[in-house]
file data.txt (compact mmCIF, C-alpha atoms)
# COMPACT_ATOMS: atom_id res chain seq x y z
CA MET S 1 -24.58 1.17 -0.44
CA THR S 2 -25.07 0.93 3.32
CA ARG S 3 -28.32 -0.89 4.17
CA THR S 4 -30.37 0.36 7.13
CA THR S 5 -32.91 -1.64 9.16
CA MET S 6 -34.93 -0.09 11.98
CA THR S 7 -36.78 -1.94 14.73
CA THR S 8 -37.51 -1.47 18.45
CA LEU S 9 -36.17 -2.87 21.69
CA ALA S 10 -38.37 -4.50 24.35
CA ASP S 11 -39.05 -1.18 26.11
CA GLY S 12 -39.91 0.68 22.90
CA ARG S 13 -36.57 2.35 22.17
CA GLU S 14 -35.53 2.55 18.53
CA ILE S 15 -32.55 0.59 17.22
CA LEU S 16 -31.12 0.83 13.72
CA TYR S 17 -28.72 -1.59 12.05
CA PHE S 18 -26.35 -0.22 9.43
CA ASP S 19 -24.87 -3.02 7.32
CA ASP S 20 -21.62 -2.77 5.40
CA ALA S 21 -21.97 -2.57 1.63
CA GLY S 22 -22.31 -6.11 0.28
CA SER S 23 -23.34 -7.70 3.59
CA ALA S 24 -26.06 -10.35 3.53
CA GLU S 25 -29.48 -9.40 4.88
CA ARG S 26 -30.23 -10.54 8.42
CA PRO S 27 -33.25 -12.70 9.25
CA VAL S 28 -35.99 -10.58 10.83
CA GLY S 29 -36.25 -13.05 13.70
CA ASP S 30 -32.68 -12.26 14.72
CA LEU S 31 -33.66 -8.67 15.48
CA VAL S 32 -36.37 -9.38 18.07
CA ASP S 33 -35.57 -8.28 21.63
CA HIS S 34 -36.79 -11.06 23.96
CA ARG S 35 -35.76 -9.37 27.22
CA GLU S 36 -38.19 -8.27 29.90
CA LEU S 37 -37.17 -4.68 30.52
CA PRO S 38 -38.55 -2.23 33.09
CA VAL S 39 -40.53 0.77 31.97
CA ARG S 40 -38.30 3.56 30.73
CA PRO S 41 -37.38 6.02 33.50
CA GLU S 42 -38.99 9.41 33.73
CA PRO S 43 -37.01 12.01 31.78
CA GLY S 44 -34.74 14.41 33.60
CA ARG S 45 -35.29 18.16 33.80
CA LEU S 46 -33.69 21.16 32.20
CA ARG S 47 -32.89 24.05 34.50
CA PHE S 48 -31.99 27.51 33.26
CA ASP S 49 -28.89 29.10 34.78
CA ALA S 50 -29.77 32.78 34.79
CA LEU S 51 -26.20 33.77 35.69
CA SER S 52 -24.67 32.35 32.51
CA ARG S 53 -27.87 32.08 30.46
CA GLU S 54 -27.18 28.40 29.81
CA TRP S 55 -29.38 25.32 30.13
CA VAL S 56 -28.27 22.51 32.46
CA ALA S 57 -29.70 18.99 32.24
CA VAL S 58 -30.42 17.30 35.58
CA ALA S 59 -30.62 13.54 35.00
CA ALA S 60 -30.26 11.77 38.35
CA HIS S 61 -31.46 8.44 36.89
CA ARG S 62 -28.09 8.15 35.11
CA GLN S 63 -26.47 7.28 38.44
CA ALA S 64 -27.69 3.71 37.85
CA ARG S 65 -26.12 3.32 34.39
CA THR S 66 -23.76 0.46 33.58
CA HIS S 67 -20.14 1.10 34.58
CA LEU S 68 -17.20 -0.83 33.06
CA PRO S 69 -18.79 -4.32 33.12
CA PRO S 70 -16.67 -7.42 32.39
CA ALA S 71 -16.49 -8.51 28.77
CA ASP S 72 -19.00 -11.35 29.21
CA GLN S 73 -21.58 -8.83 30.48
CA CYS S 74 -21.02 -6.07 27.92
CA PRO S 75 -24.39 -4.53 26.98
CA ILE S 76 -23.43 -3.66 23.38
CA CYS S 77 -21.85 -6.93 22.27
CA PRO S 78 -24.06 -9.12 20.07
CA THR S 79 -26.69 -11.03 22.02
CA THR S 80 -25.91 -14.56 23.18
CA PRO S 81 -28.02 -16.98 25.28
CA ALA S 82 -25.85 -16.10 28.29
CA ASN S 83 -25.79 -12.33 27.70
CA GLN S 84 -28.92 -10.73 26.26
CA THR S 85 -27.76 -7.26 25.33
CA GLU S 86 -29.01 -3.94 24.00
CA ILE S 87 -28.36 -5.30 20.50
CA PRO S 88 -30.61 -8.40 20.03
CA ALA S 89 -28.91 -9.60 16.84
CA PRO S 90 -26.35 -12.41 17.14
CA ASP S 91 -24.11 -10.35 14.85
CA TYR S 92 -24.11 -6.85 13.37
CA ASP S 93 -21.90 -4.35 11.57
CA VAL S 94 -22.89 -0.98 13.08
CA ALA S 95 -25.83 -0.45 15.44
CA VAL S 96 -27.40 2.79 16.69
CA PHE S 97 -29.96 2.79 19.49
CA GLU S 98 -31.56 5.11 22.01
CA ASN S 99 -29.57 5.26 25.22
CA ARG S 100 -31.24 3.41 28.10
CA PHE S 101 -29.99 6.10 30.51
CA PRO S 102 -30.32 9.31 28.48
CA SER S 103 -29.42 12.81 29.57
CA LEU S 104 -32.05 14.11 27.14
CA GLY S 105 -35.30 12.61 25.89
CA PRO S 106 -36.96 10.43 24.84
CA GLU S 107 -39.60 13.06 23.94
CA THR S 108 -38.73 15.96 21.65
CA SER S 109 -40.44 19.33 21.75
CA GLU S 110 -39.82 23.04 22.07
CA ILE S 111 -38.46 24.48 25.34
CA PRO S 112 -39.23 27.93 26.78
CA SER S 113 -37.89 30.64 24.48
CA ALA S 114 -37.61 33.39 27.12
CA PRO S 115 -36.39 31.61 30.28
CA VAL S 116 -35.65 33.39 33.54
CA TRP S 117 -34.36 32.33 36.95
CA GLY S 118 -36.36 29.32 38.12
CA THR S 119 -37.40 28.19 34.63
CA THR S 120 -37.46 24.42 34.21
CA ALA S 121 -38.64 22.14 31.43
CA PRO S 122 -38.58 18.43 30.61
CA ALA S 123 -35.13 17.36 29.39
CA VAL S 124 -36.36 16.79 25.85
CA GLY S 125 -34.05 15.72 23.04
CA ARG S 126 -32.40 12.47 22.05
CA CYS S 127 -29.32 10.54 23.18
CA GLU S 128 -28.16 7.62 21.04
CA VAL S 129 -25.36 5.08 21.30
CA VAL S 130 -23.37 4.11 18.19
CA ALA S 131 -21.74 0.67 18.39
CA PHE S 132 -18.95 0.71 15.80
CA THR S 133 -18.31 -3.02 15.70
CA PRO S 134 -19.50 -6.30 17.24
CA GLU S 135 -15.95 -6.90 18.51
CA HIS S 136 -15.57 -6.09 22.21
CA THR S 137 -11.92 -5.07 21.93
CA GLY S 138 -10.09 -2.81 19.53
CA SER S 139 -10.57 0.79 18.50
CA PHE S 140 -12.08 2.97 15.81
CA ALA S 141 -8.68 3.24 14.12
CA GLU S 142 -8.70 -0.54 13.58
CA LEU S 143 -12.15 -0.84 11.95
CA GLY S 144 -10.90 -0.86 8.38
CA TRP S 145 -12.08 1.34 5.53
CA ARG S 146 -15.37 -0.43 4.74
CA ARG S 147 -16.61 -0.43 8.33
CA THR S 148 -15.50 3.17 8.85
CA ARG S 149 -17.44 4.12 5.72
CA THR S 150 -20.54 2.48 7.23
CA VAL S 151 -20.10 4.49 10.44
CA VAL S 152 -19.83 7.71 8.41
CA ASP S 153 -23.11 6.84 6.67
CA ALA S 154 -24.70 6.09 10.05
CA TRP S 155 -23.59 9.47 11.43
CA ALA S 156 -24.95 11.21 8.34
CA GLN S 157 -28.29 9.38 8.43
CA ARG S 158 -28.81 10.04 12.12
CA THR S 159 -27.81 13.69 11.72
CA ALA S 160 -30.50 14.16 9.07
CA ALA S 161 -33.16 12.20 10.98
CA LEU S 162 -32.51 13.83 14.36
CA SER S 163 -32.36 17.31 12.80
CA ALA S 164 -35.92 16.78 11.55
CA LEU S 165 -37.36 16.04 15.02
CA PRO S 166 -39.52 18.71 16.69
CA GLY S 167 -37.58 21.19 18.80
CA ILE S 168 -34.08 19.95 17.95
CA ARG S 169 -31.56 22.79 17.56
CA GLN S 170 -28.21 20.99 17.31
CA VAL S 171 -26.93 17.45 16.59
CA PHE S 172 -23.58 16.37 18.00
CA PRO S 173 -21.87 13.03 17.19
CA PHE S 174 -18.84 12.26 19.37
CA GLU S 175 -16.63 9.52 20.78
CA ASN S 176 -15.02 9.40 24.21
CA ARG S 177 -12.12 6.95 24.10
CA GLY S 178 -10.25 5.66 27.15
CA PRO S 179 -10.94 5.42 30.89
CA GLU S 180 -8.96 8.64 31.39
CA ILE S 181 -11.77 10.42 29.52
CA GLY S 182 -14.43 8.75 31.67
CA VAL S 183 -15.86 6.07 29.36
CA THR S 184 -18.16 3.58 31.11
CA LEU S 185 -17.95 0.81 28.46
CA HIS S 186 -14.79 -0.70 26.97
CA HIS S 187 -16.53 -1.76 23.74
CA PRO S 188 -15.68 0.63 20.84
CA HIS S 189 -18.62 3.01 20.58
CA GLY S 190 -19.65 6.63 20.32
CA GLN S 191 -22.72 8.71 21.00
CA ILE S 192 -25.00 11.26 19.35
CA TYR S 193 -26.77 14.01 21.28
CA ALA S 194 -29.65 15.98 19.77
CA TYR S 195 -30.12 19.11 21.87
CA PRO S 196 -33.27 21.26 22.23
CA TYR S 197 -31.01 24.32 22.48
CA VAL S 198 -27.77 25.53 20.92
CA THR S 199 -24.95 24.54 23.26
CA PRO S 200 -22.69 27.27 24.71
CA ARG S 201 -19.62 26.28 22.69
CA ALA S 202 -21.59 26.00 19.45
CA ALA S 203 -23.19 29.39 20.06
CA LEU S 204 -19.77 30.97 20.57
CA LEU S 205 -18.37 29.43 17.39
CA ALA S 206 -21.50 30.39 15.46
CA ALA S 207 -21.26 34.01 16.58
CA ALA S 208 -17.64 34.27 15.42
CA ALA S 209 -18.47 32.52 12.13
CA GLY S 210 -21.47 34.76 11.53
CA GLU S 211 -19.55 37.97 12.15
CA TYR S 212 -16.77 36.88 9.77
CA PHE S 213 -19.27 35.76 7.13
CA ASP S 214 -21.11 39.09 7.23
CA ASN S 215 -17.87 41.09 6.96
CA SER S 216 -16.65 38.97 4.04
CA ASP S 217 -19.89 39.72 2.16
CA GLY S 218 -20.74 36.06 2.24
CA MET S 219 -17.75 35.14 0.05
CA ALA S 220 -15.94 32.90 2.55
CA THR S 221 -16.58 31.18 5.86
CA LEU S 222 -14.31 31.60 8.86
CA ALA S 223 -13.45 27.89 8.89
CA SER S 224 -12.48 27.84 5.20
CA SER S 225 -10.35 30.97 5.60
CA LEU S 226 -8.55 29.51 8.61
CA LEU S 227 -7.89 26.30 6.69
CA GLN S 228 -6.47 28.29 3.77
CA ALA S 229 -4.21 30.23 6.14
CA GLU S 230 -2.95 27.05 7.82
CA ARG S 231 -2.26 25.38 4.47
CA SER S 232 -0.33 28.45 3.31
CA ASP S 233 1.75 28.56 6.51
CA GLY S 234 2.32 24.80 6.59
CA SER S 235 3.99 24.51 9.99
CA ARG S 236 0.92 23.12 11.74
CA MET S 237 -0.44 20.96 8.89
CA VAL S 238 -0.77 17.25 9.66
CA LEU S 239 -2.19 15.79 6.46
CA GLU S 240 -3.87 16.95 3.25
CA GLY S 241 -6.28 15.10 1.02
CA GLU S 242 -8.34 16.04 -2.00
CA HIS S 243 -11.45 16.85 0.04
CA PHE S 244 -10.23 17.18 3.66
CA SER S 245 -7.18 18.55 5.44
CA ALA S 246 -6.07 18.36 9.07
CA TYR S 247 -4.01 20.75 11.14
CA VAL S 248 -3.13 21.63 14.71
CA PRO S 249 -4.86 25.00 15.31
CA PHE S 250 -2.68 28.07 15.85
CA ALA S 251 -4.12 28.56 19.37
CA ALA S 252 -4.68 24.91 20.35
CA ARG S 253 -6.08 24.55 23.86
CA TRP S 254 -5.18 20.91 24.47
CA PRO S 255 -1.79 19.15 24.54
CA LEU S 256 -2.98 17.17 21.51
CA GLU S 257 -5.52 18.86 19.26
CA VAL S 258 -6.21 18.45 15.55
CA HIS S 259 -8.97 19.89 13.38
CA LEU S 260 -10.08 17.91 10.32
CA VAL S 261 -11.93 20.22 7.93
CA PRO S 262 -13.65 19.62 4.59
CA HIS S 263 -12.44 21.78 1.71
CA ARG S 264 -16.04 22.37 0.63
CA GLN S 265 -18.34 24.39 2.88
CA VAL S 266 -20.90 21.97 4.32
CA PRO S 267 -22.92 22.41 7.52
CA ASP S 268 -22.91 18.80 8.67
CA LEU S 269 -22.06 15.17 7.92
CA ALA S 270 -25.36 14.63 6.12
CA ALA S 271 -24.31 17.18 3.48
CA LEU S 272 -21.14 15.29 2.48
CA ASN S 273 -21.30 13.57 -0.92
CA GLY S 274 -20.18 10.00 -1.56
CA THR S 275 -16.66 10.90 -2.66
CA GLU S 276 -16.12 13.08 0.41
CA ARG S 277 -17.37 10.30 2.69
CA ASP S 278 -15.00 7.86 1.00
CA GLU S 279 -12.00 10.06 1.77
CA LEU S 280 -13.19 10.84 5.29
CA ALA S 281 -13.29 7.10 5.97
CA GLN S 282 -9.60 7.00 5.06
CA LEU S 283 -8.26 10.17 6.67
CA TYR S 284 -10.04 10.06 10.02
CA PRO S 285 -8.68 6.64 11.07
CA GLU S 286 -5.25 7.78 9.90
CA LEU S 287 -5.39 10.64 12.40
CA LEU S 288 -6.40 8.24 15.16
CA ARG S 289 -3.54 5.89 14.30
CA ARG S 290 -1.09 8.76 14.53
CA PHE S 291 -2.47 9.72 17.96
CA ASP S 292 -1.90 6.15 19.13
CA ALA S 293 1.62 6.05 17.66
CA LEU S 294 2.79 8.98 19.78
CA TYR S 295 3.25 6.91 22.93
CA PRO S 296 3.72 3.22 23.89
CA THR S 297 0.10 2.92 25.09
CA PRO S 298 -3.21 3.96 23.44
CA THR S 299 -3.98 7.67 23.60
CA PRO S 300 -7.25 8.74 25.26
CA TYR S 301 -9.19 11.24 23.18
CA ILE S 302 -12.45 13.02 22.52
CA ALA S 303 -13.55 13.12 18.88
CA ALA S 304 -16.09 15.93 18.58
CA TRP S 305 -17.94 16.49 15.31
CA HIS S 306 -18.86 20.17 15.24
CA GLN S 307 -21.93 20.55 13.02
CA ALA S 308 -23.70 23.84 12.35
CA PRO S 309 -26.74 24.41 14.57
CA LEU S 310 -30.09 24.28 12.79
CA GLU S 311 -30.89 28.01 12.91
CA PRO S 312 -30.69 29.18 9.24
CA ALA S 313 -28.27 32.04 9.92
CA MET S 314 -25.92 29.72 11.84
CA ARG S 315 -25.98 27.12 9.06
CA GLU S 316 -25.21 29.66 6.36
CA ALA S 317 -21.97 30.69 8.04
CA GLY S 318 -21.14 27.40 9.78
CA GLN S 319 -18.93 24.58 8.58
CA LEU S 320 -18.53 21.00 9.66
CA HIS S 321 -15.24 20.10 11.30
CA LEU S 322 -13.81 17.46 13.59
CA GLN S 323 -12.05 18.58 16.76
CA LEU S 324 -9.86 15.69 17.96
CA THR S 325 -8.34 16.36 21.38
CA SER S 326 -6.46 14.50 24.09
CA PRO S 327 -5.46 15.59 27.61
CA ARG S 328 -2.26 13.52 27.30
CA ARG S 329 0.76 15.81 27.54
CA ALA S 330 3.42 13.09 28.00
CA ALA S 331 3.63 9.31 28.16
CA ASP S 332 2.80 9.36 31.87
CA LYS S 333 1.09 12.74 32.30
CA LEU S 334 -2.41 14.07 31.70
CA LYS S 335 -3.62 17.65 31.63
CA TYR S 336 -6.37 18.25 34.17
CA LEU S 337 -8.70 21.23 33.99
CA ALA S 338 -7.74 23.18 37.08
CA GLY S 339 -8.71 26.68 38.22
CA SER S 340 -7.92 28.72 35.11
CA GLU S 341 -9.51 26.31 32.65
CA ALA S 342 -12.42 24.91 34.68
CA ALA S 343 -13.51 28.13 36.38
CA MET S 344 -12.48 30.80 33.88
CA GLY S 345 -12.36 28.91 30.57
CA ALA S 346 -8.87 30.41 30.09
CA PHE S 347 -6.73 27.58 28.75
CA ILE S 348 -2.99 27.18 29.27
CA ASN S 349 -1.33 24.73 26.87
CA ASP S 350 1.81 22.83 27.92
CA THR S 351 2.79 22.01 24.32
CA THR S 352 3.37 24.12 21.21
CA PRO S 353 1.07 23.52 18.22
CA GLU S 354 4.03 23.48 15.84
CA SER S 355 5.88 20.73 17.75
CA VAL S 356 2.74 18.61 18.03
CA ALA S 357 2.08 18.92 14.28
CA ALA S 358 5.68 18.02 13.49
CA ARG S 359 5.48 14.93 15.68
CA LEU S 360 2.19 13.86 14.07
CA ARG S 361 3.88 14.12 10.66
CA GLU S 362 6.89 12.15 11.90
CA VAL S 363 4.88 9.24 13.29
CA ALA S 364 3.18 8.87 9.89
CA GLY S 365 6.58 8.04 8.42
CA GLU S 366 7.34 5.68 11.30
CA LEU S 367 4.07 3.81 10.74
CA ALA S 368 4.81 3.57 7.02
CA ALA S 369 8.38 2.33 7.65
CA ALA S 370 7.04 -0.30 10.04
CA GLY S 371 4.55 -1.43 7.42
CA THR S 372 1.63 -0.57 9.67
CA ARG S 373 0.00 1.96 7.38
CA PRO S 374 1.09 3.90 4.28
CA THR S 375 1.78 7.59 4.62
CA LEU S 376 -1.17 9.39 3.03
CA THR S 377 0.53 12.69 2.28
CA PRO S 378 4.04 14.12 2.65
CA ALA S 379 4.76 16.96 5.04
CA PRO S 380 3.61 20.22 3.43
CA GLU S 381 6.22 22.34 1.71
CA GLY S 382 7.94 24.70 4.10
CA ALA S 383 6.88 22.76 7.21
CA SER S 384 9.51 21.96 9.81
CA ALA S 385 9.81 18.20 10.30
call {"tool": "encode", "arguments": {"input": "data.txt", "output": "structure tokens"}}
result
Amino acid sequence: MTRTTMTTLADGREILYFDDAGSAERPVGDLVDHRELPVRPEPGRLRFDALSREWVAVAAHRQARTHLPPADQCPICPTTPANQTEIPAPDYDVAVFENRFPSLGPETSEIPSAPVWGTTAPAVGRCEVVAFTPEHTGSFAELGWRRTRTVVDAWAQRTAALSALPGIRQVFPFENRGPEIGVTLHHPHGQIYAYPYVTPRAALLAAAAGEYFDNSDGMATLASSLLQAERSDGSRMVLEGEHFSAYVPFAARWPLEVHLVPHRQVPDLAALNGTERDELAQLYPELLRRFDALYPTPTPYIAAWHQAPLEPAMREAGQLHLQLTSPRRAADKLKYLAGSEAAMGAFINDTTPESVAARLREVAGELAAAGTRPTLTPAPEGASA
């Protein structure tokens, strides 16, 4: 079982330590933050965009956040006498703490329910940092099964805890990997946002899921039906497990895009049982390894965990899934969001989903042949290799 210890940093922010199963307990004295930190900045503001009916967070204090510091000044490495960091312990497995430069929070409360032009509100919510490992270098794919399993438990615990806070409408764990994506710290880490509103993308997905669910008389969710269709077709499948399967979606927007979907309908990570979490801790790193095997250098990506918003109707029809995307369209080329995508939201993909899926199946065999990792599942029957 993953052990969890919660304490506070010198400025009052919460920090939680998630220890791998079987790890020794840490002395309480090792968790004390001895730094002298300034008072936490005033929260930003939410502004309502009446044209699109979307909330925008204005957080100018984030301009001062840490940007790509050298390794000996990394703020999420374990604390040393020469570098007192955000994580006071001299060692840790996984640590989750409130972001020092948050877009949302630290307070949580309701926001105006009927906003109009000119409506503003405090940028309530919560932004947390998830440090996957005490090692400054490496990647999520290299954590190993036990540490990955600890991260999955941390995501699940924080999803449940943040969902229970006043005013929270959606919880979103994610990882930005690579300077091409815009990361500001090299140390392997992710983030969790707890929003006081349902985000535009989540609202769009929820509307489609709800309409399908109603028309199917509540017998199937849209996500489960799409997964069944992809498994039957086979040409875009990447891997299949007992509890999860991954595929390149039929209408993928990005040059590299894979969806990892549980076979059982669950709204979020907190709802996964132990067996499902065990398999997720195996399959997710396998996907990341395949992304990295596509080209000679590591592949930048965004790993977005889509969880059902907290409105009851949205949860009934919603289903957890991972959307793993990369703007990399060739070894030396990136896709940039230009006019059609950035202004209109009308994506143009430079790759075909079928060819990307085939390549992701092929590299699994190459990794296995090289002795790097075993192939988890063969290419599905009928799929072109």
call {"tool": "atom_distance", "arguments": {"input": "data.txt", "atom1": "CA of Thr66 in chain S", "atom2": "CA of Gly138 in chain S"}}
result
19.9 Å
call {"tool": "residues_near_point", "arguments": {"input": "data.txt", "point": "(-25.5, 24.2, 21.4)", "cutoff": "9 Å", "atoms": "all atoms listed in the file", "output": "compact mmCIF listing (two decimals) with C-alpha atoms, keeping the file's coordinate frame"}}
result
# COMPACT_ATOMS: atom_id res chain seq x y z
CA ARG S 169 -31.56 22.79 17.56
CA GLN S 170 -28.21 20.99 17.31
CA VAL S 171 -26.93 17.45 16.59
CA PHE S 172 -23.58 16.37 18.00
CA TYR S 195 -30.12 19.11 21.87
CA PRO S 196 -33.27 21.26 22.23
CA TYR S 197 -31.01 24.32 22.48
CA VAL S 198 -27.77 25.53 20.92
CA THR S 199 -24.95 24.54 23.26
CA PRO S 200 -22.69 27.27 24.71
CA ARG S 201 -19.62 26.28 22.69
CA ALA S 202 -21.59 26.00 19.45
CA ALA S 203 -23.19 29.39 20.06
CA LEU S 204 -19.77 30.97 20.57
CA PRO S 309 -26.74 24.41 14.57
call {"tool": "atom_distance", "arguments": {"input": "data.txt", "atom1": "CA of Ala95 in chain S", "atom2": "CA of Pro81 in chain S"}}
result
19.4 Å
call {"tool": "closest_residue", "arguments": {"input": "data.txt", "among": "S:Pro267, S:Glu211, S:Thr5, S:Leu283", "to": "Ser245 in chain S", "atoms": "only C-alpha atoms"}}
result
S:Leu283
call {"tool": "closest_residue", "arguments": {"input": "data.txt", "among": "S:Val183, S:Ala141, S:Ala331, S:Ala156", "to": "Ala271 in chain S", "atoms": "only C-alpha atoms"}}
result
S:Ala156
call {"tool": "closest_residue", "arguments": {"input": "data.txt", "among": "S:Phe291, S:Tyr17, S:Trp55, S:Tyr212", "to": "Trp117 in chain S", "atoms": "all atoms listed in the file"}}
result
S:Trp55
call {"tool": "closest_atom_pairs", "arguments": {"input": "data.txt", "of": "range 227-262 of chain S", "to": "range 344-351 of chain S", "cutoff": "7 Å", "atoms": "all atoms listed in the file", "output": "tab-separated table"}}
result
residue	atom	partner	partner_atom	distance
S:Arg253	CA	S:Asn349	CA	5.6
S:Trp254	CA	S:Asn349	CA	5.9
S:Pro255	CA	S:Thr351	CA	5.4
call {"tool": "write_last_selection", "arguments": {"input": "data.txt", "atoms": "C-alpha atoms", "output": "compact mmCIF listing (two decimals), keeping the file's coordinate frame"}}
result
# COMPACT_ATOMS: atom_id res chain seq x y z
CA ARG S 253 -6.08 24.55 23.86
CA TRP S 254 -5.18 20.91 24.47
CA PRO S 255 -1.79 19.15 24.54
call {"tool": "residues_around", "arguments": {"input": "data.txt", "residues": "Leu360 in chain S", "least_positions_apart": "3", "cutoff": "8 Å", "atoms": "only C-alpha atoms", "output": "ChimeraX atom specification"}}
result
/S:238,290-291,294,356-357,363-364
call {"tool": "closest_atom_pairs", "arguments": {"input": "data.txt", "of": "range 79-98 of chain S", "to": "range 28-41 of chain S", "cutoff": "10 Å", "atoms": "only C-alpha atoms", "output": "tab-separated table"}}
result
residue	atom	partner	partner_atom	distance
S:Thr79	CA	S:Asp33	CA	9.3
S:Gln84	CA	S:Arg35	CA	7.0
S:Thr85	CA	S:Arg35	CA	8.5
S:Glu86	CA	S:Asp33	CA	8.2
S:Ile87	CA	S:Asp33	CA	7.9
S:Pro88	CA	S:Asp33	CA	5.2
S:Ala89	CA	S:Leu31	CA	5.0
S:Pro90	CA	S:Asp30	CA	6.8
S:Asp91	CA	S:Asp30	CA	8.8
S:Tyr92	CA	S:Leu31	CA	9.9
call {"tool": "closest_residue", "arguments": {"input": "data.txt", "among": "S:Gly318, S:Pro112, S:Pro327, S:Pro312", "to": "Leu256 in chain S", "atoms": "only C-alpha atoms"}}
result
S:Pro327
